[in-house]
file entry17.txt (compact mmCIF, C-alpha atoms and all ligand atoms)
# COMPACT_ATOMS: atom_id res chain seq x y z
CA MET A 1 5.80 7.81 17.76
CA ARG A 2 8.15 8.00 14.81
CA VAL A 3 7.09 7.83 11.14
CA THR A 4 9.54 8.18 8.25
CA PRO A 5 9.78 6.29 4.92
CA TRP A 6 12.25 3.92 6.57
CA GLU A 7 10.97 3.66 10.13
CA VAL A 8 7.63 3.31 11.89
CA GLU A 9 7.66 3.06 15.66
CA GLY A 10 5.39 3.37 18.66
CA LYS A 11 1.70 4.00 19.08
CA ILE A 12 0.56 5.95 16.06
CA ASP A 13 -1.71 8.95 16.57
CA TYR A 14 -3.22 9.38 13.11
CA ASN A 15 -4.87 12.74 13.76
CA LYS A 16 -1.55 14.08 14.90
CA LEU A 17 0.09 12.74 11.75
CA ILE A 18 -2.43 14.62 9.61
CA LYS A 19 -1.49 17.81 11.42
CA GLU A 20 2.26 17.18 11.35
CA PHE A 21 2.31 16.19 7.70
CA GLY A 22 -0.15 18.91 6.66
CA THR A 23 -2.49 16.49 4.88
CA LYS A 24 -6.30 16.36 5.02
CA LYS A 25 -8.70 13.90 6.54
CA ILE A 26 -10.95 12.13 4.04
CA GLY A 27 -14.28 13.62 5.12
CA GLU A 28 -17.93 12.70 4.55
CA GLU A 29 -18.39 15.01 1.60
CA LEU A 30 -15.46 13.55 -0.30
CA LEU A 31 -16.65 10.02 0.46
CA LYS A 32 -20.08 10.78 -0.97
CA ARG A 33 -18.62 12.33 -4.06
CA MET A 34 -16.38 9.33 -4.65
CA GLU A 35 -19.22 6.91 -4.09
CA LYS A 36 -21.31 8.73 -6.66
CA LEU A 37 -18.56 8.52 -9.28
CA ALA A 38 -17.47 4.96 -8.51
CA GLY A 39 -20.89 3.47 -7.83
CA GLU A 40 -19.68 2.10 -4.48
CA LEU A 41 -16.94 2.59 -1.90
CA HIS A 42 -14.18 0.08 -1.34
CA VAL A 43 -14.13 -1.37 2.15
CA LEU A 44 -10.65 0.07 2.82
CA ILE A 45 -12.02 3.56 2.23
CA ARG A 46 -15.45 3.04 3.79
CA ARG A 47 -13.98 1.84 7.08
CA GLY A 48 -11.27 4.49 7.15
CA PHE A 49 -8.10 2.44 6.68
CA PHE A 50 -7.27 4.99 4.00
CA PHE A 51 -7.90 8.04 6.12
CA SER A 52 -5.97 11.00 4.76
CA HIS A 53 -5.25 12.63 1.41
CA ARG A 54 -3.72 15.39 -0.64
CA ASP A 55 -5.79 16.80 -3.51
CA LEU A 56 -8.12 13.82 -3.82
CA ASP A 57 -10.87 16.38 -4.42
CA LYS A 58 -8.93 17.70 -7.42
CA VAL A 59 -8.50 14.18 -8.80
CA LEU A 60 -12.26 13.65 -8.66
CA GLU A 61 -12.83 17.01 -10.27
CA ASP A 62 -10.44 16.14 -13.11
CA PHE A 63 -12.33 12.90 -13.58
CA GLU A 64 -15.71 14.64 -13.57
CA LYS A 65 -14.45 17.06 -16.20
CA GLY A 66 -13.23 14.23 -18.41
CA LYS A 67 -9.57 15.08 -18.02
CA GLY A 68 -8.89 11.89 -16.10
CA PHE A 69 -5.99 10.94 -13.87
CA PHE A 70 -3.63 8.01 -13.40
CA LEU A 71 -2.53 5.75 -10.56
CA TYR A 72 0.95 5.18 -9.22
CA THR A 73 2.20 2.98 -6.41
CA GLY A 74 5.19 0.81 -5.63
CA ARG A 75 6.93 -1.85 -3.62
CA GLY A 76 10.41 -2.07 -2.13
CA PRO A 77 11.59 -5.70 -2.49
CA THR A 78 13.14 -6.38 0.92
CA GLY A 79 11.52 -9.75 1.49
CA ASP A 80 8.42 -11.77 0.75
CA MET A 81 5.10 -9.98 1.01
CA HIS A 82 2.61 -10.15 3.86
CA LEU A 83 -1.05 -9.21 4.15
CA GLY A 84 -0.22 -5.63 5.13
CA HIS A 85 1.65 -5.14 1.85
CA ILE A 86 -1.18 -6.28 -0.35
CA LEU A 87 -3.90 -3.94 0.89
CA SER A 88 -2.81 -0.83 -1.06
CA PHE A 89 -2.67 -2.97 -4.16
CA GLU A 90 -6.24 -4.13 -3.54
CA LEU A 91 -7.35 -0.51 -3.35
CA VAL A 92 -5.38 0.35 -6.48
CA LYS A 93 -7.14 -2.47 -8.29
CA TRP A 94 -10.49 -1.06 -7.24
CA PHE A 95 -9.59 2.44 -8.43
CA GLN A 96 -8.41 1.12 -11.77
CA LYS A 97 -11.53 -0.91 -12.30
CA ARG A 98 -13.96 1.78 -11.21
CA PHE A 99 -12.30 4.68 -13.03
CA GLY A 100 -10.70 2.81 -15.94
CA VAL A 101 -7.32 4.51 -15.61
CA ASN A 102 -3.67 3.62 -16.21
CA LEU A 103 -1.60 2.27 -13.35
CA TYR A 104 2.18 2.39 -12.86
CA ILE A 105 3.87 0.14 -10.31
CA ALA A 106 7.50 0.80 -9.37
CA ILE A 107 9.61 -2.00 -7.94
CA SER A 108 12.31 -0.05 -6.13
CA ASP A 109 15.12 -2.60 -6.19
CA ASP A 110 17.61 0.29 -6.23
CA GLU A 111 16.19 1.82 -3.03
CA LYS A 112 16.37 -1.44 -1.14
CA PHE A 113 19.87 -2.29 -2.33
CA LEU A 114 21.03 1.09 -1.05
CA GLN A 115 19.07 1.08 2.16
CA LYS A 116 19.37 -2.51 3.40
CA ARG A 117 22.30 -4.82 3.85
CA LEU A 118 21.07 -7.07 1.06
CA SER A 119 23.19 -8.41 -1.77
CA TRP A 120 22.11 -7.63 -5.31
CA GLU A 121 21.17 -11.31 -5.74
CA GLU A 122 18.81 -11.13 -2.77
CA VAL A 123 17.15 -7.93 -3.94
CA ASP A 124 16.77 -9.48 -7.36
CA LYS A 125 15.20 -12.63 -5.94
CA TYR A 126 12.67 -10.70 -3.86
CA ALA A 127 11.88 -8.33 -6.72
CA LYS A 128 10.91 -11.31 -8.89
CA ARG A 129 8.89 -12.95 -6.14
CA ASN A 130 7.12 -9.70 -5.22
CA ILE A 131 6.23 -9.11 -8.87
CA GLU A 132 4.57 -12.54 -8.96
CA ASP A 133 2.39 -11.63 -5.99
CA ILE A 134 1.57 -8.17 -7.27
CA ALA A 135 0.76 -9.32 -10.79
CA SER A 136 -1.58 -11.97 -9.34
CA ILE A 137 -3.88 -9.36 -7.89
CA GLY A 138 -5.67 -8.82 -11.16
CA PHE A 139 -4.96 -5.48 -12.80
CA ASP A 140 -5.97 -4.51 -16.31
CA GLU A 141 -3.05 -5.95 -18.27
CA ASP A 142 -3.20 -3.35 -21.02
CA LYS A 143 -3.46 -0.44 -18.62
CA THR A 144 -0.80 -1.45 -16.12
CA PHE A 145 2.97 -1.02 -16.29
CA ILE A 146 5.13 -2.79 -13.72
CA PHE A 147 8.79 -1.83 -13.89
CA ARG A 148 11.94 -2.43 -11.94
CA ASP A 149 13.79 0.80 -11.27
CA SER A 150 17.17 -0.66 -12.21
CA GLU A 151 15.85 -1.89 -15.53
CA TYR A 152 13.79 1.12 -16.62
CA ILE A 153 16.29 3.81 -15.61
CA GLY A 154 17.56 4.45 -19.14
CA ARG A 155 14.16 5.74 -20.21
CA VAL A 156 13.87 8.26 -17.39
CA TYR A 157 17.40 9.32 -16.52
CA LYS A 158 17.28 12.64 -18.36
CA LEU A 159 14.04 13.62 -16.71
CA MET A 160 15.50 12.56 -13.37
CA LEU A 161 18.39 14.94 -13.85
CA LYS A 162 16.02 17.78 -14.63
CA ALA A 163 14.13 17.08 -11.43
CA ALA A 164 17.29 16.48 -9.38
CA ARG A 165 18.62 19.92 -10.26
CA LYS A 166 15.65 21.43 -8.46
CA VAL A 167 16.12 19.66 -5.12
CA THR A 168 18.93 20.71 -2.82
CA PHE A 169 20.66 18.42 -0.36
CA SER A 170 19.45 20.63 2.45
CA THR A 171 15.81 20.01 1.43
CA ALA A 172 16.39 16.26 1.13
CA LYS A 173 18.09 16.25 4.53
CA ALA A 174 15.21 18.09 6.15
CA VAL A 175 12.55 15.88 4.55
CA PHE A 176 14.22 12.46 4.90
CA GLY A 177 16.57 12.98 7.83
CA PHE A 178 19.73 12.15 5.87
CA THR A 179 22.96 12.45 7.86
CA ASN A 180 26.66 12.50 7.04
CA GLU A 181 26.60 8.71 7.30
CA THR A 182 23.89 8.27 4.64
CA ASN A 183 25.33 6.85 1.43
CA VAL A 184 25.07 9.19 -1.56
CA GLY A 185 22.98 6.71 -3.54
CA LEU A 186 20.15 7.00 -1.07
CA SER A 187 20.25 10.77 -1.25
CA PHE A 188 19.56 10.58 -5.00
CA TYR A 189 16.93 7.82 -4.84
CA PRO A 190 13.97 10.07 -3.90
CA ILE A 191 14.18 11.65 -7.34
CA TYR A 192 13.44 8.27 -8.92
CA GLN A 193 10.50 7.60 -6.63
CA ILE A 194 8.80 10.80 -7.74
CA ILE A 195 9.49 10.48 -11.48
CA PRO A 196 6.50 8.20 -12.24
CA THR A 197 4.20 11.03 -11.15
CA PHE A 198 5.39 12.68 -14.40
CA PHE A 199 4.54 9.70 -16.63
CA GLU A 200 1.44 11.46 -17.93
CA LYS A 201 0.37 15.09 -18.13
CA LYS A 202 -2.47 14.42 -15.76
CA ARG A 203 -2.74 14.26 -12.02
CA ALA A 204 -1.20 11.17 -10.42
CA LEU A 205 -3.12 9.60 -7.57
CA ILE A 206 -0.89 7.63 -5.24
CA PRO A 207 -2.45 5.14 -2.81
CA ALA A 208 0.27 4.30 -0.28
CA GLY A 209 1.15 4.25 3.39
CA ILE A 210 1.36 7.67 4.99
CA ASP A 211 5.06 7.03 5.68
CA GLN A 212 5.68 7.62 1.96
CA ASP A 213 4.26 11.14 2.08
CA PRO A 214 7.65 12.92 2.38
CA TYR A 215 8.35 11.98 -1.24
CA TRP A 216 5.14 13.61 -2.41
CA ARG A 217 5.99 16.80 -0.54
CA ILE A 218 9.16 17.17 -2.60
CA GLN A 219 7.29 16.25 -5.76
CA ARG A 220 4.70 18.94 -5.07
CA ASP A 221 7.42 21.54 -4.60
CA ILE A 222 8.93 20.99 -8.03
CA ALA A 223 6.19 19.53 -10.25
CA GLU A 224 4.67 22.71 -11.62
CA SER A 225 7.98 24.34 -12.44
CA LEU A 226 8.71 21.30 -14.61
CA GLY A 227 5.35 21.55 -16.36
CA TYR A 228 3.58 18.72 -14.51
CA TYR A 229 0.82 18.39 -11.92
CA LYS A 230 1.30 18.20 -8.21
CA ALA A 231 0.76 14.59 -7.19
CA ALA A 232 -2.34 13.65 -5.24
CA ALA A 233 -2.17 11.01 -2.57
CA ILE A 234 -4.46 8.86 -0.51
CA HIS A 235 -2.78 7.64 2.66
CA SER A 236 -3.32 4.44 4.58
CA LYS A 237 -2.75 3.66 8.20
CA PHE A 238 -0.39 0.84 9.11
CA PHE A 239 -1.84 -2.64 9.17
CA PRO A 240 -1.50 -3.62 12.84
CA PRO A 241 0.78 -6.54 13.66
CA LEU A 242 -0.67 -9.71 15.19
CA GLN A 243 0.69 -8.75 18.60
CA GLY A 244 -1.31 -5.56 19.04
CA LEU A 245 -2.00 -2.08 17.79
CA GLU A 246 1.50 -0.56 17.99
CA GLY A 247 3.83 -0.14 15.01
CA LYS A 248 3.30 -2.16 11.85
CA MET A 249 3.79 -5.66 10.55
CA SER A 250 7.47 -6.21 10.23
CA SER A 251 9.30 -8.24 7.63
CA SER A 252 12.10 -8.83 10.09
CA ASN A 253 9.86 -10.53 12.65
CA PRO A 254 7.88 -13.38 11.06
CA ARG A 255 5.59 -13.74 14.07
CA THR A 256 4.10 -10.28 13.60
CA ALA A 257 2.65 -11.06 10.19
CA ILE A 258 0.75 -13.48 7.97
CA TRP A 259 2.69 -14.04 4.78
CA LEU A 260 1.04 -14.53 1.40
CA ASN A 261 2.74 -17.90 1.19
CA ASP A 262 1.72 -19.10 4.66
CA GLY A 263 -0.25 -22.34 4.39
CA GLU A 264 -3.68 -22.96 5.94
CA GLU A 265 -2.36 -24.61 9.09
CA GLU A 266 0.27 -21.93 9.58
CA VAL A 267 -2.35 -19.18 9.32
CA LYS A 268 -4.47 -20.92 11.91
CA ARG A 269 -1.56 -21.56 14.23
CA LYS A 270 -0.30 -17.98 14.11
CA ILE A 271 -3.69 -16.40 14.70
CA MET A 272 -4.65 -18.78 17.49
CA LYS A 273 -1.32 -18.39 19.19
CA TYR A 274 -0.20 -14.82 18.56
CA ALA A 275 -3.18 -12.62 17.69
CA PHE A 276 -3.67 -10.14 20.52
CA SER A 277 -7.09 -10.74 22.04
CA GLY A 278 -9.48 -8.28 23.61
CA GLY A 279 -11.22 -11.20 25.28
CA LYS A 280 -11.18 -11.91 29.02
CA PRO A 281 -8.81 -14.46 30.58
CA THR A 282 -11.53 -16.97 31.52
CA ILE A 283 -14.76 -17.97 29.81
CA GLU A 284 -16.77 -17.01 32.91
CA GLU A 285 -15.36 -13.49 32.95
CA HIS A 286 -15.73 -13.19 29.19
CA ARG A 287 -19.39 -14.21 29.30
CA LYS A 288 -19.94 -11.68 32.07
CA TYR A 289 -17.93 -8.65 30.86
CA GLY A 290 -17.50 -9.29 27.13
CA GLY A 291 -14.55 -8.61 24.83
CA ASP A 292 -12.98 -5.29 23.85
CA ILE A 293 -13.14 -4.89 20.06
CA ASN A 294 -11.00 -1.75 20.18
CA VAL A 295 -7.86 -3.72 21.00
CA ASP A 296 -8.82 -7.13 19.63
CA ILE A 297 -6.64 -7.85 16.60
CA PRO A 298 -8.96 -10.42 15.00
CA TYR A 299 -11.79 -7.89 15.17
CA GLN A 300 -9.56 -5.10 13.87
CA TRP A 301 -8.41 -7.17 10.90
CA LEU A 302 -11.97 -8.20 10.08
CA SER A 303 -13.06 -4.60 10.22
CA ILE A 304 -10.16 -3.20 8.15
CA PHE A 305 -10.60 -5.55 5.23
CA PHE A 306 -11.56 -9.18 5.77
CA GLU A 307 -15.27 -8.88 6.64
CA GLU A 308 -16.73 -6.71 3.92
CA ASP A 309 -20.33 -7.16 4.95
CA ASP A 310 -21.22 -4.24 7.25
CA LYS A 311 -24.19 -6.01 8.81
CA ARG A 312 -22.22 -9.11 9.64
CA LEU A 313 -19.38 -7.06 11.11
CA GLU A 314 -21.86 -5.18 13.28
CA GLU A 315 -23.29 -8.46 14.51
CA ILE A 316 -19.80 -9.75 15.34
CA ALA A 317 -19.04 -6.54 17.26
CA ARG A 318 -22.28 -6.82 19.18
CA SER A 319 -21.98 -10.43 20.19
CA TYR A 320 -18.27 -10.24 21.00
CA THR A 321 -18.76 -7.14 23.14
CA LYS A 322 -21.59 -8.86 24.97
CA GLY A 323 -19.52 -11.95 25.62
CA GLU A 324 -21.69 -14.26 23.52
CA MET A 325 -18.89 -14.80 21.04
CA LEU A 326 -15.64 -16.09 22.48
CA SER A 327 -12.11 -15.08 21.60
CA GLY A 328 -11.41 -18.47 19.96
CA GLU A 329 -14.54 -18.08 17.86
CA ILE A 330 -13.70 -14.64 16.49
CA LYS A 331 -10.21 -15.93 15.76
CA MET A 332 -11.67 -18.80 13.75
CA LEU A 333 -13.79 -16.37 11.73
CA LEU A 334 -10.64 -14.51 10.78
CA VAL A 335 -8.69 -17.70 10.02
CA GLU A 336 -11.37 -18.73 7.57
CA LYS A 337 -11.50 -15.34 5.85
CA ILE A 338 -7.74 -15.15 5.46
CA ASN A 339 -7.44 -18.71 4.25
CA ASN A 340 -10.10 -18.07 1.61
CA TYR A 341 -8.29 -14.96 0.50
CA LEU A 342 -4.94 -16.75 0.31
CA LYS A 343 -6.41 -19.74 -1.50
CA GLU A 344 -7.71 -17.44 -4.20
CA HIS A 345 -4.34 -15.70 -4.30
CA ARG A 346 -2.52 -19.03 -4.79
CA ARG A 347 -4.94 -19.96 -7.56
CA LYS A 348 -4.27 -16.71 -9.42
CA LYS A 349 -0.53 -17.00 -8.87
CA LYS A 350 -0.40 -20.32 -10.71
CA VAL A 351 -1.17 -18.60 -13.99
CA VAL A 352 0.71 -15.37 -13.48
CA GLU A 353 3.62 -15.77 -15.91
CA LYS A 354 1.82 -14.43 -18.94
CA LYS A 355 0.34 -11.56 -16.93
CA ILE A 356 3.80 -10.54 -15.77
CA ARG A 357 5.07 -10.51 -19.33
CA LYS A 358 2.18 -8.34 -20.41
CA MET A 359 2.36 -5.84 -17.60
CA MET A 360 6.15 -5.52 -17.77
CA TYR A 361 6.81 -5.70 -21.52
CA GLU A 362 4.10 -6.73 -23.93
CA GLY A 363 0.78 -5.22 -22.91
CA LYS A 364 -0.47 -2.03 -24.52
CA LEU A 365 0.76 0.36 -21.83
CA ALA A 366 4.02 -1.52 -21.24
CA ARG A 367 4.87 -1.37 -24.94
CA GLU A 368 4.18 2.36 -25.02
CA MET A 369 6.38 2.89 -22.00
CA TRP A 370 9.34 1.01 -23.48
CA GLU A 371 9.06 2.96 -26.72
CA LYS A 372 9.15 6.25 -24.86
CA SER A 373 12.00 8.24 -23.51
CA PHE A 374 11.33 10.95 -20.96
CA GLU A 375 13.16 14.23 -20.91
N1 LIG A 401 9.52 3.31 -1.12
C1 LIG A 401 8.56 2.25 -1.14
C2 LIG A 401 8.96 1.19 -0.11
O1 LIG A 401 9.84 1.35 0.67
C3 LIG A 401 8.43 1.63 -2.50
C4 LIG A 401 7.83 2.57 -3.51
C5 LIG A 401 8.42 3.02 -4.66
C6 LIG A 401 6.54 3.17 -3.44
N2 LIG A 401 7.56 3.85 -5.31
C7 LIG A 401 6.40 3.97 -4.60
C8 LIG A 401 5.49 3.09 -2.53
C9 LIG A 401 5.24 4.69 -4.82
C10 LIG A 401 4.35 3.80 -2.75
C11 LIG A 401 4.22 4.61 -3.91
O2 LIG A 401 8.35 0.15 -0.01

call {"tool": "encode", "arguments": {"input": "entry17.txt", "output": "structure tokens", "more": "lines below"}}
Ligand code: TRP
result
Amino acid sequence: MRVTPWEVEGKIDYNKLIKEFGTKKIGEELLKRMEKLAGELHVLIRRGFFFSHRDLDKVLEDFEKGKGFFLYTGRGPTGDMHLGHILSFELVKWFQKRFGVNLYIAISDDEKFLQKRLSWEEVDKYAKRNIEDIASIGFDEDKTFIFRDSEYIGRVYKLMLKAARKVTFSTAKAVFGFTNETNVGLSFYPIYQIIPTFFEKKRALIPAGIDQDPYWRIQRDIAESLGYYKAAAIHSKFFPPLQGLEGKMSSSNPRTAIWLNDGEEEVKRKIMKYAFSGGKPTIEEHRKYGGDINVDIPYQWLSIFFEEDDKRLEEIARSYTKGEMLSGEIKMLLVEKINNYLKEHRRKKKVVEKKIRKMMYEGKLAREMWEKSFE
């Protein structure tokens, strides 16, 4: 297995990742405490898709004491967005709603220009399209600031330099695996990705894939010496591709993913044709031996996010395992759930223009952010 901010390969052993990265499992006690404060637990936390953390206990403590915290996440615009991309944003929305806090969303056009062989026009196109999808999710427009790195840089450059002076190339090399062939732009980029954790003098909570954790390690090394808090993080697993449990959905292979702009028929076709099934090859065998929910992608997707109702999920697991429910039937359940989700997404996206304007420039938080200069 291989997990870096730019590469995820092989069968992922999440317990091993916790050990290797030095993070903590989100345990029962923390779940209870969060449920008490939030009034409920989001399905992505309850079912363990977000499984690991740094200092989440301290974030909750800050909240309990009235000090508060803020949220930070981001998106690298390398292509259109698929279902795997949207899940962290769903969790972020939940956190914002339940805790009433500010949210900062970085669109790292700079990172992707440096890292991928994309022209500036392409990065620009995807940044705009990604912002439309992200803004459609439904954040608090006065408490959310969406910014493109390349556009906001003037307000943070001085602070970036202060932070950059504290990180040596040898540290960056060790954390990110930079080599002599890495372009120098990419070696500076990590400083920008950590800067938003300094946007407020409170703890930042970052919901993101565990592959992004290396950034937070560097942030935590330098934050206090600059007069800020160490960032807290809550880490997700990788949303499994249609073809099975290894690796993650890949933008470069359209068959591995369901895109937010896939139409109803396309969703159905992909799931029927490509979703890895834990069912048996013939109906007779399936009725006799039952399906294996542990490897069945439709079941896995339902359980990660798409079937929120615990009782119904349990019933699906039972009847599929017993062979009462067939592979085609569980696939259809998923098709319906996803199509409902995407239909709602399309509806929200139709009226997103004004929301984008507010969250990028005109809303309360956005206006404050453009008036500020960090140093
Ligand atoms: N580096 C992320 C990516 O490749 C994008 C990103 C920027 C991000 N800032 C972030 C992700 C903060 C999570 C949290 O997609």

call {"tool": "residues_around", "arguments": {"input": "entry17.txt", "residues": "Glu7 (chain A)", "least_positions_apart": "3", "cutoff": "12 Å", "atoms": "all atoms listed in the file", "output": "ChimeraX atom specification"}}
result
/A:1-4,10,115,176-177,209-212,238,247-250

call {"tool": "residues_near_ligand", "arguments": {"input": "entry17.txt", "ligand": "ligand LIG 401 (chain A)", "cutoff": "10 Å", "atoms": "only C-alpha atoms and all ligand atoms", "output": "PyMOL selection string"}}
result
chain A and resi 5-7+71-78+85+88-89+104-112+115+148-149+189-190+192-197+205-213+215-216+233+235

call {"tool": "residues_near_point", "arguments": {"input": "entry17.txt", "point": "(24.1, 0.5, -4.9)", "cutoff": "8 Å", "atoms": "only C-alpha atoms", "output": "JSON, numbers by chain"}}
result
{"A": [110, 113, 114, 185]}

call {"tool": "write_last_selection", "arguments": {"input": "entry17.txt", "atoms": "C-alpha atoms", "output": "mmCIF file, in the coordinates of the input"}}
result
data_model
loop_
_atom_site.group_PDB
_atom_site.id
_atom_site.type_symbol
_atom_site.label_atom_id
_atom_site.label_comp_id
_atom_site.auth_asym_id
_atom_site.auth_seq_id
_atom_site.Cartn_x
_atom_site.Cartn_y
_atom_site.Cartn_z
ATOM 1 C CA ASP A 110 17.610 0.290 -6.230
ATOM 2 C CA PHE A 113 19.870 -2.290 -2.330
ATOM 3 C CA LEU A 114 21.030 1.090 -1.050
ATOM 4 C CA GLY A 185 22.980 6.710 -3.540
#

call {"tool": "closest_residue", "arguments": {"input": "entry17.txt", "among": "A:Lys322, A:Lys331, A:Arg220, A:Arg47", "to": "Lys268 (chain A)", "atoms": "only C-alpha atoms"}}
result
A:Lys331

call {"tool": "atom_distance", "arguments": {"input": "entry17.txt", "atom1": "CA of Ile297 (chain A)", "atom2": "CA of Lys16 (chain A)"}}
result
22.6 Å

call {"tool": "atom_distance", "arguments": {"input": "entry17.txt", "atom1": "CA of Asn340 (chain A)", "atom2": "CA of Met325 (chain A)"}}
result
21.6 Å

call {"tool": "atom_distance", "arguments": {"input": "entry17.txt", "atom1": "CA of Tyr361 (chain A)", "atom2": "CA of Ile131 (chain A)"}}
result
13.1 Å

call {"tool": "residues_around", "arguments": {"input": "entry17.txt", "residues": "Gly79 (chain A)", "least_positions_apart": "2", "cutoff": "10 Å", "atoms": "only C-alpha atoms", "output": "ChimeraX atom specification"}}
result
/A:76-77,81-82,112,118,122-123,125-127,129-130,251-252

call {"tool": "residues_near_point", "arguments": {"input": "entry17.txt", "point": "(1.4, 14.0, -18.4)", "cutoff": "12 Å", "atoms": "all atoms listed in the file", "output": "PyMOL selection string"}}
result
chain A and resi 67-70+102+195-204+223-224+226-231+374

call {"tool": "residues_around", "arguments": {"input": "entry17.txt", "residues": "Thr168 (chain A)", "least_positions_apart": "6", "cutoff": "12 Å", "atoms": "all atoms listed in the file", "output": "ChimeraX atom specification"}}
result
/A:174-175,187-188,190-191,218,221-222

call {"tool": "write_last_selection", "arguments": {"input": "entry17.txt", "atoms": "C-alpha atoms", "output": "PDB file, in the coordinates of the input"}}
result
ATOM      1  CA  ALA A 174      15.210  18.090   6.150  1.00  0.00           C
ATOM      2  CA  VAL A 175      12.550  15.880   4.550  1.00  0.00           C
ATOM      3  CA  SER A 187      20.250  10.770  -1.250  1.00  0.00           C
ATOM      4  CA  PHE A 188      19.560  10.580  -5.000  1.00  0.00           C
ATOM      5  CA  PRO A 190      13.970  10.070  -3.900  1.00  0.00           C
ATOM      6  CA  ILE A 191      14.180  11.650  -7.340  1.00  0.00           C
ATOM      7  CA  ILE A 218       9.160  17.170  -2.600  1.00  0.00           C
ATOM      8  CA  ASP A 221       7.420  21.540  -4.600  1.00  0.00           C
ATOM      9  CA  ILE A 222       8.930  20.990  -8.030  1.00  0.00           C
TER      10      ILE A 222
END

call {"tool": "closest_residue", "arguments": {"input": "entry17.txt", "among": "A:Glu141, A:Glu308, A:Glu264, A:Glu35", "to": "Met332 (chain A)", "atoms": "all atoms listed in the file"}}
result
A:Glu264

call {"tool": "closest_residue", "arguments": {"input": "entry17.txt", "among": "A:Lys280, A:Arg217, A:Lys364, A:Lys162", "to": "Phe21 (chain A)", "atoms": "all atoms listed in the file"}}
result
A:Arg217

call {"tool": "residues_around", "arguments": {"input": "entry17.txt", "residues": "region 346-356 of chain A", "least_positions_apart": "3", "cutoff": "7 Å", "atoms": "all atoms listed in the file", "output": "PyMOL selection string"}}
result
chain A and resi 132-133+135-136+141+342-343+359-360

call {"tool": "closest_residue", "arguments": {"input": "entry17.txt", "among": "A:Trp120, A:Trp370, A:Phe305, A:Trp259", "to": "Ile45 (chain A)", "atoms": "only C-alpha atoms"}}
result
A:Phe305

call {"tool": "closest_residue", "arguments": {"input": "entry17.txt", "among": "A:Gln243, A:Asn294, A:Gln96, A:Asn15", "to": "Ala38 (chain A)", "atoms": "only C-alpha atoms"}}
result
A:Gln96

call {"tool": "closest_residue", "arguments": {"input": "entry17.txt", "among": "A:Asp140, A:Glu40, A:Leu161, A:Gly278", "to": "Glu375 (chain A)", "atoms": "all atoms listed in the file"}}
result
A:Leu161

call {"tool": "residues_around", "arguments": {"input": "entry17.txt", "residues": "Leu333 (chain A)", "least_positions_apart": "6", "cutoff": "10 Å", "atoms": "all atoms listed in the file", "output": "count of residues only"}}
result
6

call {"tool": "build_atoms", "arguments": {"input": "entry17.txt", "residues": "region 62-70 of chain A", "atoms": "N, CA, C and O atoms", "output": "mmCIF file, in the frame of the given file"}}
result
data_model
loop_
_atom_site.group_PDB
_atom_site.id
_atom_site.type_symbol
_atom_site.label_atom_id
_atom_site.label_comp_id
_atom_site.auth_asym_id
_atom_site.auth_seq_id
_atom_site.Cartn_x
_atom_site.Cartn_y
_atom_site.Cartn_z
ATOM 1 N N ASP A 62 -11.018 16.433 -11.783
ATOM 2 C CA ASP A 62 -10.440 16.140 -13.110
ATOM 3 C C ASP A 62 -11.205 15.012 -13.791
ATOM 4 O O ASP A 62 -11.415 15.037 -14.997
ATOM 5 N N PHE A 63 -11.585 14.019 -13.001
ATOM 6 C CA PHE A 63 -12.330 12.900 -13.580
ATOM 7 C C PHE A 63 -13.709 13.358 -14.051
ATOM 8 O O PHE A 63 -14.138 13.029 -15.154
ATOM 9 N N GLU A 64 -14.370 14.140 -13.206
ATOM 10 C CA GLU A 64 -15.710 14.640 -13.570
ATOM 11 C C GLU A 64 -15.661 15.459 -14.857
ATOM 12 O O GLU A 64 -16.569 15.413 -15.675
ATOM 13 N N LYS A 65 -14.568 16.201 -15.012
ATOM 14 C CA LYS A 65 -14.450 17.060 -16.200
ATOM 15 C C LYS A 65 -13.949 16.312 -17.430
ATOM 16 O O LYS A 65 -13.753 16.917 -18.481
ATOM 17 N N GLY A 66 -13.668 15.011 -17.264
ATOM 18 C CA GLY A 66 -13.230 14.230 -18.410
ATOM 19 C C GLY A 66 -11.729 14.306 -18.684
ATOM 20 O O GLY A 66 -11.240 13.746 -19.652
ATOM 21 N N LYS A 67 -11.010 14.996 -17.829
ATOM 22 C CA LYS A 67 -9.570 15.080 -18.020
ATOM 23 C C LYS A 67 -8.857 13.801 -17.574
ATOM 24 O O LYS A 67 -7.826 13.420 -18.101
ATOM 25 N N GLY A 68 -9.464 13.156 -16.572
ATOM 26 C CA GLY A 68 -8.890 11.890 -16.100
ATOM 27 C C GLY A 68 -7.721 12.077 -15.166
ATOM 28 O O GLY A 68 -7.334 13.194 -14.825
ATOM 29 N N PHE A 69 -7.160 10.960 -14.752
ATOM 30 C CA PHE A 69 -5.990 10.940 -13.870
ATOM 31 C C PHE A 69 -5.316 9.606 -14.056
ATOM 32 O O PHE A 69 -5.743 8.810 -14.898
ATOM 33 N N PHE A 70 -4.218 9.347 -13.361
ATOM 34 C CA PHE A 70 -3.630 8.010 -13.400
ATOM 35 C C PHE A 70 -3.160 7.598 -12.010
ATOM 36 O O PHE A 70 -3.084 8.424 -11.101
#
